[in-house]
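Reproduced below: my_file.cif, with mmCIF, C-alpha atoms.
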data_final
loop_
_atom_site.group_PDB
_atom_site.id
_atom_site.type_symbol
_atom_site.label_atom_id
_atom_site.label_comp_id
_atom_site.auth_asym_id
_atom_site.auth_seq_id
_atom_site.Cartn_x
_atom_site.Cartn_y
_atom_site.Cartn_z
ATOM 1 C CA MET A 1 -22.272 3.843 9.364
ATOM 2 C CA ILE A 2 -19.473 1.460 10.262
ATOM 3 C CA PHE A 3 -17.293 0.710 7.251
ATOM 4 C CA VAL A 4 -15.392 -2.555 7.298
ATOM 5 C CA THR A 5 -12.466 -3.072 4.905
ATOM 6 C CA VAL A 6 -9.881 -5.792 4.323
ATOM 7 C CA GLY A 7 -8.015 -3.656 1.803
ATOM 8 C CA SER A 8 -7.719 -4.474 -1.866
ATOM 9 C CA SER A 9 -4.866 -6.980 -2.100
ATOM 10 C CA TYR A 10 -5.855 -10.113 -0.203
ATOM 11 C CA PRO A 11 -8.937 -11.590 1.491
ATOM 12 C CA PHE A 12 -9.238 -11.581 5.283
ATOM 13 C CA ASP A 13 -12.064 -13.967 6.173
ATOM 14 C CA ARG A 14 -11.180 -14.037 9.877
ATOM 15 C CA LEU A 15 -11.961 -10.336 10.184
ATOM 16 C CA ILE A 16 -15.142 -10.433 8.109
ATOM 17 C CA ARG A 17 -16.447 -13.461 10.033
ATOM 18 C CA ALA A 18 -15.709 -11.767 13.364
ATOM 19 C CA VAL A 19 -17.404 -8.490 12.431
ATOM 20 C CA ASP A 20 -20.360 -10.328 10.907
ATOM 21 C CA GLY A 21 -20.684 -12.130 14.226
ATOM 22 C CA ILE A 22 -21.234 -8.881 16.145
ATOM 23 C CA ALA A 23 -23.045 -6.889 13.422
ATOM 24 C CA GLN A 24 -26.499 -7.614 14.881
ATOM 25 C CA GLN A 25 -25.419 -6.281 18.278
ATOM 26 C CA LEU A 26 -24.373 -2.921 16.822
ATOM 27 C CA PRO A 27 -26.928 -0.124 16.306
ATOM 28 C CA GLU A 28 -25.149 1.405 13.287
ATOM 29 C CA PRO A 29 -25.712 0.303 9.707
ATOM 30 C CA MET A 30 -22.676 -1.553 8.378
ATOM 31 C CA PHE A 31 -20.971 -1.996 5.029
ATOM 32 C CA ALA A 32 -18.048 -4.281 4.246
ATOM 33 C CA GLN A 33 -15.482 -4.551 1.462
ATOM 34 C CA ILE A 34 -14.548 -8.226 1.727
ATOM 35 C CA GLY A 35 -12.128 -8.655 -1.169
ATOM 36 C CA ASP A 36 -11.627 -12.109 -2.625
ATOM 37 C CA GLY A 37 -12.731 -13.876 0.583
ATOM 38 C CA GLY A 38 -14.538 -17.216 0.768
ATOM 39 C CA TYR A 39 -16.823 -16.123 3.627
ATOM 40 C CA GLU A 40 -19.820 -13.967 2.662
ATOM 41 C CA PRO A 41 -21.309 -11.964 5.559
ATOM 42 C CA LYS A 42 -24.908 -12.707 6.498
ATOM 43 C CA HIS A 43 -25.671 -9.740 8.723
ATOM 44 C CA MET A 44 -24.258 -6.800 6.779
ATOM 45 C CA PRO A 45 -24.267 -5.633 3.171
ATOM 46 C CA PHE A 46 -20.947 -6.050 1.370
ATOM 47 C CA ALA A 47 -19.021 -5.610 -1.858
ATOM 48 C CA ARG A 48 -16.032 -7.600 -3.079
ATOM 49 C CA LEU A 49 -13.948 -4.659 -4.228
ATOM 50 C CA LEU A 50 -15.214 -1.074 -4.411
ATOM 51 C CA ASP A 51 -13.739 1.199 -7.045
ATOM 52 C CA LYS A 52 -11.806 4.173 -5.717
ATOM 53 C CA GLU A 53 -14.741 6.564 -5.928
ATOM 54 C CA ALA A 54 -17.141 4.274 -4.054
ATOM 55 C CA PHE A 55 -14.472 3.358 -1.525
ATOM 56 C CA ASP A 56 -13.744 7.016 -0.772
ATOM 57 C CA ARG A 57 -17.462 7.735 -0.454
ATOM 58 C CA HIS A 58 -17.967 4.926 2.064
ATOM 59 C CA LEU A 59 -14.975 6.138 4.014
ATOM 60 C CA ARG A 60 -16.300 9.704 4.117
ATOM 61 C CA GLU A 61 -19.740 8.546 5.230
ATOM 62 C CA ALA A 62 -18.414 6.247 7.932
ATOM 63 C CA THR A 63 -18.438 7.308 11.580
ATOM 64 C CA MET A 64 -16.066 4.452 12.447
ATOM 65 C CA VAL A 65 -13.909 2.050 10.469
ATOM 66 C CA ILE A 66 -12.913 -1.525 11.262
ATOM 67 C CA GLY A 67 -10.124 -2.700 9.001
ATOM 68 C CA HIS A 68 -6.995 -4.717 8.474
ATOM 69 C CA ALA A 69 -3.826 -3.027 9.692
ATOM 70 C CA GLY A 70 -2.608 -2.146 6.186
ATOM 71 C CA ILE A 71 -0.793 1.154 5.779
ATOM 72 C CA GLY A 72 -3.216 2.244 3.032
ATOM 73 C CA THR A 73 -6.229 1.729 5.254
ATOM 74 C CA ILE A 74 -4.572 3.347 8.266
ATOM 75 C CA SER A 75 -3.341 6.412 6.381
ATOM 76 C CA GLN A 76 -6.614 6.964 4.515
ATOM 77 C CA VAL A 77 -8.693 6.754 7.693
ATOM 78 C CA LEU A 78 -6.252 8.986 9.581
ATOM 79 C CA ALA A 79 -6.330 11.566 6.793
ATOM 80 C CA LEU A 80 -10.083 11.873 7.434
ATOM 81 C CA ASP A 81 -9.622 11.986 11.241
ATOM 82 C CA LYS A 82 -11.901 8.982 11.712
ATOM 83 C CA PRO A 83 -11.591 6.368 14.431
ATOM 84 C CA LEU A 84 -10.126 3.067 13.195
ATOM 85 C CA LEU A 85 -10.105 -0.307 14.863
ATOM 86 C CA ALA A 86 -7.173 -2.080 13.184
ATOM 87 C CA VAL A 87 -7.005 -5.873 13.114
ATOM 88 C CA PRO A 88 -3.536 -7.094 12.064
ATOM 89 C CA ARG A 89 -3.179 -9.976 9.625
ATOM 90 C CA LEU A 90 -1.001 -12.733 11.035
ATOM 91 C CA SER A 91 1.583 -14.656 9.054
ATOM 92 C CA GLU A 92 1.120 -17.800 11.204
ATOM 93 C CA LEU A 93 -2.462 -17.956 9.898
ATOM 94 C CA GLY A 94 -1.274 -17.509 6.319
ATOM 95 C CA GLU A 95 -2.799 -14.049 6.080
ATOM 96 C CA LEU A 96 0.452 -12.332 5.076
ATOM 97 C CA VAL A 97 4.059 -13.226 4.270
ATOM 98 C CA ASN A 98 5.362 -11.649 7.497
ATOM 99 C CA ASN A 99 3.992 -9.971 10.626
ATOM 100 C CA HIS A 100 4.571 -6.380 9.560
ATOM 101 C CA GLN A 101 0.887 -5.529 10.132
ATOM 102 C CA MET A 102 1.247 -6.317 13.835
ATOM 103 C CA ALA A 103 4.288 -4.045 14.033
ATOM 104 C CA THR A 104 2.448 -1.314 12.129
ATOM 105 C CA ALA A 105 -0.629 -1.659 14.320
ATOM 106 C CA GLN A 106 1.383 -1.458 17.530
ATOM 107 C CA HIS A 107 3.294 1.580 16.325
ATOM 108 C CA PHE A 108 0.177 3.528 15.365
ATOM 109 C CA GLU A 109 -1.559 2.406 18.548
ATOM 110 C CA ALA A 110 1.333 3.695 20.658
ATOM 111 C CA GLY A 111 1.060 7.034 18.850
ATOM 112 C CA GLY A 112 -2.624 7.301 19.731
ATOM 113 C CA HIS A 113 -3.659 7.102 16.060
ATOM 114 C CA VAL A 114 -5.686 3.856 16.085
ATOM 115 C CA LEU A 115 -7.119 1.177 18.357
ATOM 116 C CA VAL A 116 -5.892 -2.369 17.793
ATOM 117 C CA ALA A 117 -7.706 -5.675 18.172
ATOM 118 C CA ARG A 118 -5.172 -8.395 18.859
ATOM 119 C CA GLN A 119 -7.826 -11.078 19.061
ATOM 120 C CA HIS A 120 -10.705 -11.222 16.679
ATOM 121 C CA ASP A 121 -13.046 -12.659 19.345
ATOM 122 C CA ALA A 122 -12.962 -9.536 21.533
ATOM 123 C CA LEU A 123 -14.191 -6.965 19.032
ATOM 124 C CA LEU A 124 -17.353 -5.772 20.760
ATOM 125 C CA PRO A 125 -15.772 -3.930 23.734
ATOM 126 C CA LEU A 126 -13.222 -2.381 21.357
ATOM 127 C CA VAL A 127 -15.976 -1.078 19.070
ATOM 128 C CA GLU A 128 -17.548 0.484 22.167
ATOM 129 C CA ARG A 129 -14.224 2.203 22.953
ATOM 130 C CA LEU A 130 -13.907 3.261 19.312
ATOM 131 C CA ARG A 131 -17.098 5.336 19.594
ATOM 132 C CA SER A 132 -15.395 7.869 21.842
ATOM 133 C CA PHE A 133 -11.863 7.486 20.407
ATOM 134 C CA LYS A 134 -10.317 10.674 19.011
ATOM 135 C CA PRO A 135 -7.375 9.749 16.785
ATOM 136 C CA LYS A 136 -4.208 11.829 16.976
ATOM 137 C CA SER A 137 -3.347 13.182 13.545
ATOM 138 C CA ARG A 138 -0.052 12.302 11.876
ATOM 139 C CA ARG A 139 2.404 14.511 10.032
ATOM 140 C CA VAL A 140 3.331 13.395 6.534
ATOM 141 C CA GLN A 141 5.917 14.920 4.185
ATOM 142 C CA PRO A 142 5.379 13.647 0.639
ATOM 143 C CA GLU A 143 6.740 16.930 -0.738
ATOM 144 C CA LEU A 144 10.160 16.218 0.828
ATOM 145 C CA VAL A 145 10.246 12.793 -0.813
ATOM 146 C CA ALA A 146 9.259 14.323 -4.163
ATOM 147 C CA GLN A 147 11.954 16.963 -3.777
ATOM 148 C CA ARG A 148 14.653 14.342 -3.103
ATOM 149 C CA ILE A 149 13.614 12.382 -6.189
ATOM 150 C CA GLY A 150 13.470 15.619 -8.180
ATOM 151 C CA ASN A 151 17.124 16.234 -7.286
ATOM 152 C CA LEU A 152 18.078 12.859 -8.753
ATOM 153 C CA LEU A 153 16.021 13.468 -11.890
ATOM 154 C CA ARG A 154 17.648 16.855 -12.434
ATOM 155 C CA SER A 155 21.126 15.351 -12.086
ATOM 156 C CA MET A 156 20.155 12.771 -14.727
ATOM 157 C CA GLY A 157 18.832 15.410 -17.087
ATOM 158 C CA SER A 158 22.057 17.388 -17.031
ATOM 159 C CA ARG A 159 24.083 14.321 -18.012
ATOM 160 C CA ARG A 160 22.046 13.530 -21.102
ATOM 161 C CA MET B 1 13.205 11.901 -19.997
ATOM 162 C CA LYS B 2 10.648 9.102 -19.775
ATOM 163 C CA ILE B 3 9.509 8.507 -16.218
ATOM 164 C CA CYS B 4 7.573 5.393 -15.228
ATOM 165 C CA ALA B 5 5.751 5.340 -11.880
ATOM 166 C CA GLY B 6 4.305 2.186 -10.404
ATOM 167 C CA ALA B 7 2.829 0.534 -7.332
ATOM 168 C CA SER B 8 1.041 -2.640 -6.328
ATOM 169 C CA ALA B 9 -2.616 -2.493 -5.344
ATOM 170 C CA GLY B 10 -3.435 -1.512 -1.801
ATOM 171 C CA GLY B 11 -1.304 0.684 0.448
ATOM 172 C CA HIS B 12 1.497 0.906 -2.105
ATOM 173 C CA THR B 13 -0.825 2.682 -4.532
ATOM 174 C CA GLY B 14 -1.952 5.082 -1.802
ATOM 175 C CA GLU B 15 1.688 5.921 -1.149
ATOM 176 C CA LEU B 16 2.436 6.468 -4.828
ATOM 177 C CA LYS B 17 -0.618 8.712 -5.178
ATOM 178 C CA ALA B 18 0.574 10.803 -2.239
ATOM 179 C CA LEU B 19 3.921 11.234 -4.010
ATOM 180 C CA LEU B 20 2.400 11.989 -7.416
ATOM 181 C CA LYS B 21 0.587 15.018 -5.974
ATOM 182 C CA HIS B 22 4.004 16.681 -5.739
ATOM 183 C CA THR B 23 5.598 15.830 -9.091
ATOM 184 C CA HIS B 24 5.516 19.525 -9.999
ATOM 185 C CA LEU B 25 8.852 19.453 -8.133
ATOM 186 C CA TRP B 26 10.254 17.189 -10.873
ATOM 187 C CA PRO B 27 11.876 18.406 -14.111
ATOM 188 C CA SER B 28 9.502 16.189 -16.109
ATOM 189 C CA GLN B 29 6.309 14.306 -15.377
ATOM 190 C CA PRO B 30 5.694 10.543 -15.279
ATOM 191 C CA THR B 31 3.916 9.350 -18.419
ATOM 192 C CA VAL B 32 3.827 5.563 -17.964
ATOM 193 C CA PHE B 33 2.264 3.709 -15.054
ATOM 194 C CA VAL B 34 2.446 0.140 -13.794
ATOM 195 C CA THR B 35 0.119 -1.519 -11.301
ATOM 196 C CA THR B 36 -0.946 -5.037 -10.378
ATOM 197 C CA LEU B 37 -4.741 -5.363 -10.474
ATOM 198 C CA GLU B 38 -7.173 -4.706 -13.330
ATOM 199 C CA ILE B 39 -9.606 -2.920 -10.992
ATOM 200 C CA LEU B 40 -7.060 -0.112 -10.648
ATOM 201 C CA ARG B 41 -6.470 0.314 -14.374
ATOM 202 C CA GLY B 42 -9.129 2.992 -14.886
ATOM 203 C CA ASP B 43 -7.852 5.040 -11.988
ATOM 204 C CA TYR B 44 -4.257 4.928 -13.239
ATOM 205 C CA GLU B 45 -5.256 5.576 -16.851
ATOM 206 C CA LYS B 46 -6.442 9.033 -15.821
ATOM 207 C CA LEU B 47 -2.740 9.756 -15.277
ATOM 208 C CA GLY B 48 -1.282 8.134 -18.390
ATOM 209 C CA ARG B 49 -0.651 4.898 -20.241
ATOM 210 C CA THR B 50 -1.033 2.038 -17.795
ATOM 211 C CA HIS B 51 0.234 -1.556 -17.699
ATOM 212 C CA VAL B 52 -1.220 -4.157 -15.342
ATOM 213 C CA ILE B 53 1.362 -6.877 -14.600
ATOM 214 C CA GLY B 54 -0.524 -8.926 -11.996
ATOM 215 C CA GLU B 55 -0.093 -9.489 -8.282
ATOM 216 C CA CYS B 56 2.318 -11.902 -6.617
ATOM 217 C CA ASP B 57 4.205 -12.435 -3.394
ATOM 218 C CA ARG B 58 6.887 -14.916 -2.472
ATOM 219 C CA SER B 59 4.340 -17.504 -1.345
ATOM 220 C CA MET B 60 3.161 -17.760 -4.983
ATOM 221 C CA PRO B 61 6.104 -19.074 -7.050
ATOM 222 C CA TRP B 62 4.100 -19.634 -10.230
ATOM 223 C CA HIS B 63 2.669 -16.104 -10.126
ATOM 224 C CA MET B 64 6.164 -14.799 -9.507
ATOM 225 C CA VAL B 65 7.392 -16.324 -12.761
ATOM 226 C CA LEU B 66 4.424 -14.969 -14.688
ATOM 227 C CA VAL B 67 4.754 -11.444 -13.296
ATOM 228 C CA PHE B 68 8.511 -11.519 -13.857
ATOM 229 C CA PHE B 69 7.969 -12.082 -17.584
ATOM 230 C CA ARG B 70 5.176 -9.525 -17.821
ATOM 231 C CA ALA B 71 7.474 -6.995 -16.145
ATOM 232 C CA PHE B 72 10.182 -7.801 -18.681
ATOM 233 C CA TRP B 73 7.776 -7.214 -21.543
ATOM 234 C CA VAL B 74 6.615 -3.857 -20.159
ATOM 235 C CA ALA B 75 10.170 -2.697 -19.447
ATOM 236 C CA LEU B 76 11.287 -3.685 -22.938
ATOM 237 C CA ARG B 77 8.334 -2.008 -24.626
ATOM 238 C CA GLU B 78 8.452 1.229 -22.651
ATOM 239 C CA ARG B 79 12.198 1.553 -22.012
ATOM 240 C CA PRO B 80 11.800 4.198 -19.308
ATOM 241 C CA ASP B 81 14.779 6.331 -18.319
ATOM 242 C CA VAL B 82 13.720 5.992 -14.704
ATOM 243 C CA ILE B 83 11.213 4.040 -12.629
ATOM 244 C CA VAL B 84 9.846 5.401 -9.359
ATOM 245 C CA THR B 85 7.964 2.946 -7.178
ATOM 246 C CA THR B 86 6.596 2.353 -3.687
ATOM 247 C CA GLY B 87 6.658 -1.471 -4.130
ATOM 248 C CA SER B 88 5.914 -4.301 -3.769
ATOM 249 C CA LEU B 89 7.467 -7.484 -5.285
ATOM 250 C CA PRO B 90 5.919 -7.108 -8.796
ATOM 251 C CA LEU B 91 7.338 -3.586 -8.974
ATOM 252 C CA ALA B 92 10.698 -4.822 -7.678
ATOM 253 C CA MET B 93 10.715 -7.029 -10.778
ATOM 254 C CA MET B 94 10.005 -3.954 -12.910
ATOM 255 C CA CYS B 95 12.944 -2.215 -11.213
ATOM 256 C CA PHE B 96 15.206 -5.152 -12.050
ATOM 257 C CA TRP B 97 14.320 -5.063 -15.733
ATOM 258 C CA VAL B 98 14.480 -1.273 -16.013
ATOM 259 C CA LYS B 99 17.984 -1.448 -14.535
ATOM 260 C CA VAL B 100 18.943 -4.227 -16.965
ATOM 261 C CA ILE B 101 17.941 -2.095 -19.951
ATOM 262 C CA GLY B 102 19.908 0.844 -18.601
ATOM 263 C CA GLY B 103 17.346 2.933 -16.703
ATOM 264 C CA LYS B 104 17.551 4.395 -13.205
ATOM 265 C CA VAL B 105 15.662 3.003 -10.238
ATOM 266 C CA VAL B 106 14.049 4.891 -7.353
ATOM 267 C CA TRP B 107 12.645 2.590 -4.665
ATOM 268 C CA ILE B 108 10.575 3.988 -1.799
ATOM 269 C CA ASP B 109 10.028 1.252 0.753
ATOM 270 C CA SER B 110 6.488 1.080 2.087
ATOM 271 C CA ALA B 111 5.603 2.848 5.329
ATOM 272 C CA ALA B 112 4.064 -0.492 6.304
ATOM 273 C CA GLN B 113 7.617 -1.726 6.888
ATOM 274 C CA ILE B 114 8.391 -0.085 10.202
ATOM 275 C CA GLU B 115 10.961 -2.515 11.628
ATOM 276 C CA ASP B 116 13.093 -3.321 8.604
ATOM 277 C CA LEU B 117 13.148 -2.924 4.843
ATOM 278 C CA SER B 118 10.718 -5.123 2.951
ATOM 279 C CA TRP B 119 12.058 -8.331 1.442
ATOM 280 C CA SER B 120 11.875 -6.681 -1.982
ATOM 281 C CA GLY B 121 13.497 -3.512 -0.672
ATOM 282 C CA LYS B 122 16.489 -5.478 0.609
ATOM 283 C CA ILE B 123 17.085 -6.790 -2.904
ATOM 284 C CA VAL B 124 16.313 -3.611 -4.866
ATOM 285 C CA ARG B 125 18.505 -1.362 -2.680
ATOM 286 C CA ARG B 126 21.518 -3.288 -4.003
ATOM 287 C CA PHE B 127 21.045 -1.923 -7.511
ATOM 288 C CA ALA B 128 18.731 1.081 -7.028
ATOM 289 C CA ASP B 129 20.012 4.607 -7.709
ATOM 290 C CA LEU B 130 18.000 5.945 -4.793
ATOM 291 C CA THR B 131 16.396 3.974 -1.958
ATOM 292 C CA LEU B 132 14.232 5.767 0.578
ATOM 293 C CA ALA B 133 12.638 4.348 3.714
ATOM 294 C CA GLN B 134 9.692 6.045 5.400
ATOM 295 C CA TRP B 135 10.992 5.454 8.907
ATOM 296 C CA PRO B 136 14.335 6.855 10.114
ATOM 297 C CA GLU B 137 15.031 3.679 12.129
ATOM 298 C CA VAL B 138 14.734 1.547 8.992
ATOM 299 C CA ALA B 139 16.963 3.828 6.905
ATOM 300 C CA SER B 140 19.651 3.889 9.608
ATOM 301 C CA ARG B 141 20.128 0.118 9.272
ATOM 302 C CA TYR B 142 21.575 0.455 5.748
ATOM 303 C CA PRO B 143 24.367 2.655 4.375
ATOM 304 C CA ASN B 144 22.648 3.400 1.056
ATOM 305 C CA VAL B 145 19.083 3.915 2.297
ATOM 306 C CA SER B 146 17.919 7.426 3.175
ATOM 307 C CA TYR B 147 15.030 8.901 5.077
ATOM 308 C CA VAL B 148 13.579 12.292 4.176
ATOM 309 C CA GLY B 149 10.028 11.927 5.525
ATOM 310 C CA PRO B 150 6.921 9.763 5.321
ATOM 311 C CA LEU B 151 4.671 9.730 2.240
ATOM 312 C CA VAL B 152 1.639 8.619 4.264
#
Write out the structure in this file as structure tokens.
Amino acid sequence: MIFVTVGSSYPFDRLIRAVDGIAQQLPEPMFAQIGDGGYEPKHMPFARLLDKEAFDRHLREATMVIGHAGIGTISQVLALDKPLLAVPRLSELGELVNNHQMATAQHFEAGGHVLVARQHDALLPLVERLRSFKPKSRRVQPELVAQRIGNLLRSMGSRR
Amino acid sequence: MKICAGASAGGHTGELKALLKHTHLWPSQPTVFVTTLEILRGDYEKLGRTHVIGECDRSMPWHMVLVFFRAFWVALRERPDVIVTTGSLPLAMMCFWVKVIGGKVVWIDSAAQIEDLSWSGKIVRRFADLTLAQWPEVASRYPNVSYVGPLV
């Protein structure tokens, strides 16, 4: 199954329209989380917003993911070692307040973690490449962040 | 010590969740939670009392005003000793109010911001007690922003 997600904050009609346009040419079943978008796909089943449980289930069942280049989407897909085709939202199209998704996408692409679609009209060859793409895993250190915050909290506690 | 933890919907919440898996390293546990969309309420309520203050960004001035007042109300009602957040703008407003009522502020800028601090982060770092970036290059641009590692 190919899981398509625009994240949970904002709609991303350009992506959903583009994937819907190639859905019939792909052999895999598809499922899309389209958010609050105005465009409803005609060639793939979809939900507006999946709850966390359903979202995680779709992600686990997916063989490939096509999504916006949000850090939540990227990190969740990477944590499951699944191939992701990331499509950055662009501020000039009003899809985001700045172009940080393009920067994020390029960074994770350079690290071999994701594939990036810079143009939404060239998705098909990228989905073909995605089939054999093996993402490099990424090292995260949430425990170090928690430890640093813990130090601050302990210094507060001793003052009170 | 009353600890409030909060994050906007989307990647910010994923980052906060990654952090909350390690709060056993803290002297006390967060008991109050703040997020921005109703759909996330149930998920957060498994952790503790949850307030939903609504979503906004700086392209939505009217929403900004509304969220700013909701944040004030939550801060006033809960009076946390400290707020820990991974952003975004609605949670920056929470940070502002928590600081105003005398609490401490911990701001972790989103890993989505790989070139510079977020717009909110640039404001909050001026009054935060601890500001962390998730990229060393971002932290190195500011004297009072540290990097210890990425959450996600």
Distance in Å - CA of Arg154 (chain A) versus CA of His12 (chain B):
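Computing the Euclidean distance for CA of Arg154 (chain A) and CA of His12 (chain B) yields 24.9 Å.
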I'd like to see the residues matched by the PyMOL selection byres ((chain B) within 8 of (chain A)) on this file, and ideally I'd get them as a PyMOL selection string.
chain B and resi 1+9-15+18-20+22-23+25-27+39-40+43+57-59+106+111-115+130+148-152
Any chance you could resolve the PyMOL selection byres ((chain B and resi 79) around 12) against this file and give the residues as an mmCIF file with C-alpha atoms, in the frame of the given file?
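This went into out.cif:
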data_model
loop_
_atom_site.group_PDB
_atom_site.id
_atom_site.type_symbol
_atom_site.label_atom_id
_atom_site.label_comp_id
_atom_site.auth_asym_id
_atom_site.auth_seq_id
_atom_site.Cartn_x
_atom_site.Cartn_y
_atom_site.Cartn_z
ATOM 1 C CA MET B 1 13.205 11.901 -19.997
ATOM 2 C CA LYS B 2 10.648 9.102 -19.775
ATOM 3 C CA ILE B 3 9.509 8.507 -16.218
ATOM 4 C CA CYS B 4 7.573 5.393 -15.228
ATOM 5 C CA THR B 31 3.916 9.350 -18.419
ATOM 6 C CA VAL B 32 3.827 5.563 -17.964
ATOM 7 C CA ALA B 71 7.474 -6.995 -16.145
ATOM 8 C CA PHE B 72 10.182 -7.801 -18.681
ATOM 9 C CA TRP B 73 7.776 -7.214 -21.543
ATOM 10 C CA VAL B 74 6.615 -3.857 -20.159
ATOM 11 C CA ALA B 75 10.170 -2.697 -19.447
ATOM 12 C CA LEU B 76 11.287 -3.685 -22.938
ATOM 13 C CA ARG B 77 8.334 -2.008 -24.626
ATOM 14 C CA GLU B 78 8.452 1.229 -22.651
ATOM 15 C CA PRO B 80 11.800 4.198 -19.308
ATOM 16 C CA ASP B 81 14.779 6.331 -18.319
ATOM 17 C CA VAL B 82 13.720 5.992 -14.704
ATOM 18 C CA ILE B 83 11.213 4.040 -12.629
ATOM 19 C CA MET B 94 10.005 -3.954 -12.910
ATOM 20 C CA CYS B 95 12.944 -2.215 -11.213
ATOM 21 C CA TRP B 97 14.320 -5.063 -15.733
ATOM 22 C CA VAL B 98 14.480 -1.273 -16.013
ATOM 23 C CA LYS B 99 17.984 -1.448 -14.535
ATOM 24 C CA VAL B 100 18.943 -4.227 -16.965
ATOM 25 C CA ILE B 101 17.941 -2.095 -19.951
ATOM 26 C CA GLY B 102 19.908 0.844 -18.601
ATOM 27 C CA GLY B 103 17.346 2.933 -16.703
ATOM 28 C CA LYS B 104 17.551 4.395 -13.205
#
Just to confirm, what's the straight-line distance from CA of Asp121 (chain A) to CA of Ala18 (chain A) in Å (one decimal)?
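These atoms are spaced 6.6 Å apart.
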For Thr35 (chain B), find every residue with an atom within 9 Å (counting all atoms listed in the file), except residues of its own chain fewer than 6 positions away, and show them as a count of residues only.
16
Please, what distance in Å, to one decimal, runs between CA of Arg129 (chain A) and CA of Glu61 (chain A)?
19.6 Å
For the provided coordinates, the residues matched by the PyMOL selection byres ((chain A and resi 37) around 9) should be stated as an MDAnalysis selection string.
chainID A and resid 10:13 16 34:36 38:40 48
Counting only C-alpha atoms, figure out which residue out of A:Lys82, A:Lys136, A:Lys42, A:Arg14 gets nearest to Glu95 (chain A).
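Of A:Lys82, A:Lys136, A:Lys42, A:Arg14, the one nearest Glu95 (chain A) is A:Arg14, counting only C-alpha atoms.
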Which polymer residues have any atom within 8 Å of an atom of Pro83 (chain A), counting all atoms listed in the file, with same-chain residues fewer than 6 positions away left out, as a CSV table (one decimal) with C-alpha atoms, in the frame of the given file?
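The new file around.csv reads:
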chain,number,residue,atom,x,y,z
A,63,THR,CA,-18.4,7.3,11.6
A,64,MET,CA,-16.1,4.5,12.4
A,65,VAL,CA,-13.9,2.0,10.5
A,77,VAL,CA,-8.7,6.8,7.7
A,114,VAL,CA,-5.7,3.9,16.1
A,115,LEU,CA,-7.1,1.2,18.4
A,130,LEU,CA,-13.9,3.3,19.3
A,131,ARG,CA,-17.1,5.3,19.6
A,133,PHE,CA,-11.9,7.5,20.4
A,134,LYS,CA,-10.3,10.7,19.0
A,135,PRO,CA,-7.4,9.7,16.8
Using all atoms listed in the file, which residue out of A:Ser137, A:Gln119, A:Thr5, A:Gln25 lies closest to Ala62 (chain A)?
A:Thr5
Tell me which of A:Leu84, A:Met44, A:Ile2, A:Leu15 sits closest to His120 (chain A), counting all atoms listed in the file.
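Closest candidate: A:Leu15.
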Which residue, B:Ser28, B:Ser88, B:Thr131, B:Thr36, has the smallest gap to Val145 (chain B) when you use only C-alpha atoms?
B:Thr131
Would you list the residues near (16.9, -4.5, 8.0) (no more than 10 Å away, in the coordinates of the file, using all atoms listed in the file) as an NGL selection string?
:B and (113-119 or 121-122 or 137-142)
Counting all atoms listed in the file, select every polymer residue within 6 Å of (9.8, 7.1, 1.3) as defined in the file's coordinates, and provide the selection as a list in words.
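The distance filter leaves exactly Ile108, Asp109, Leu132, Ala133, Gln134, Pro150 and Leu151 of chain B.
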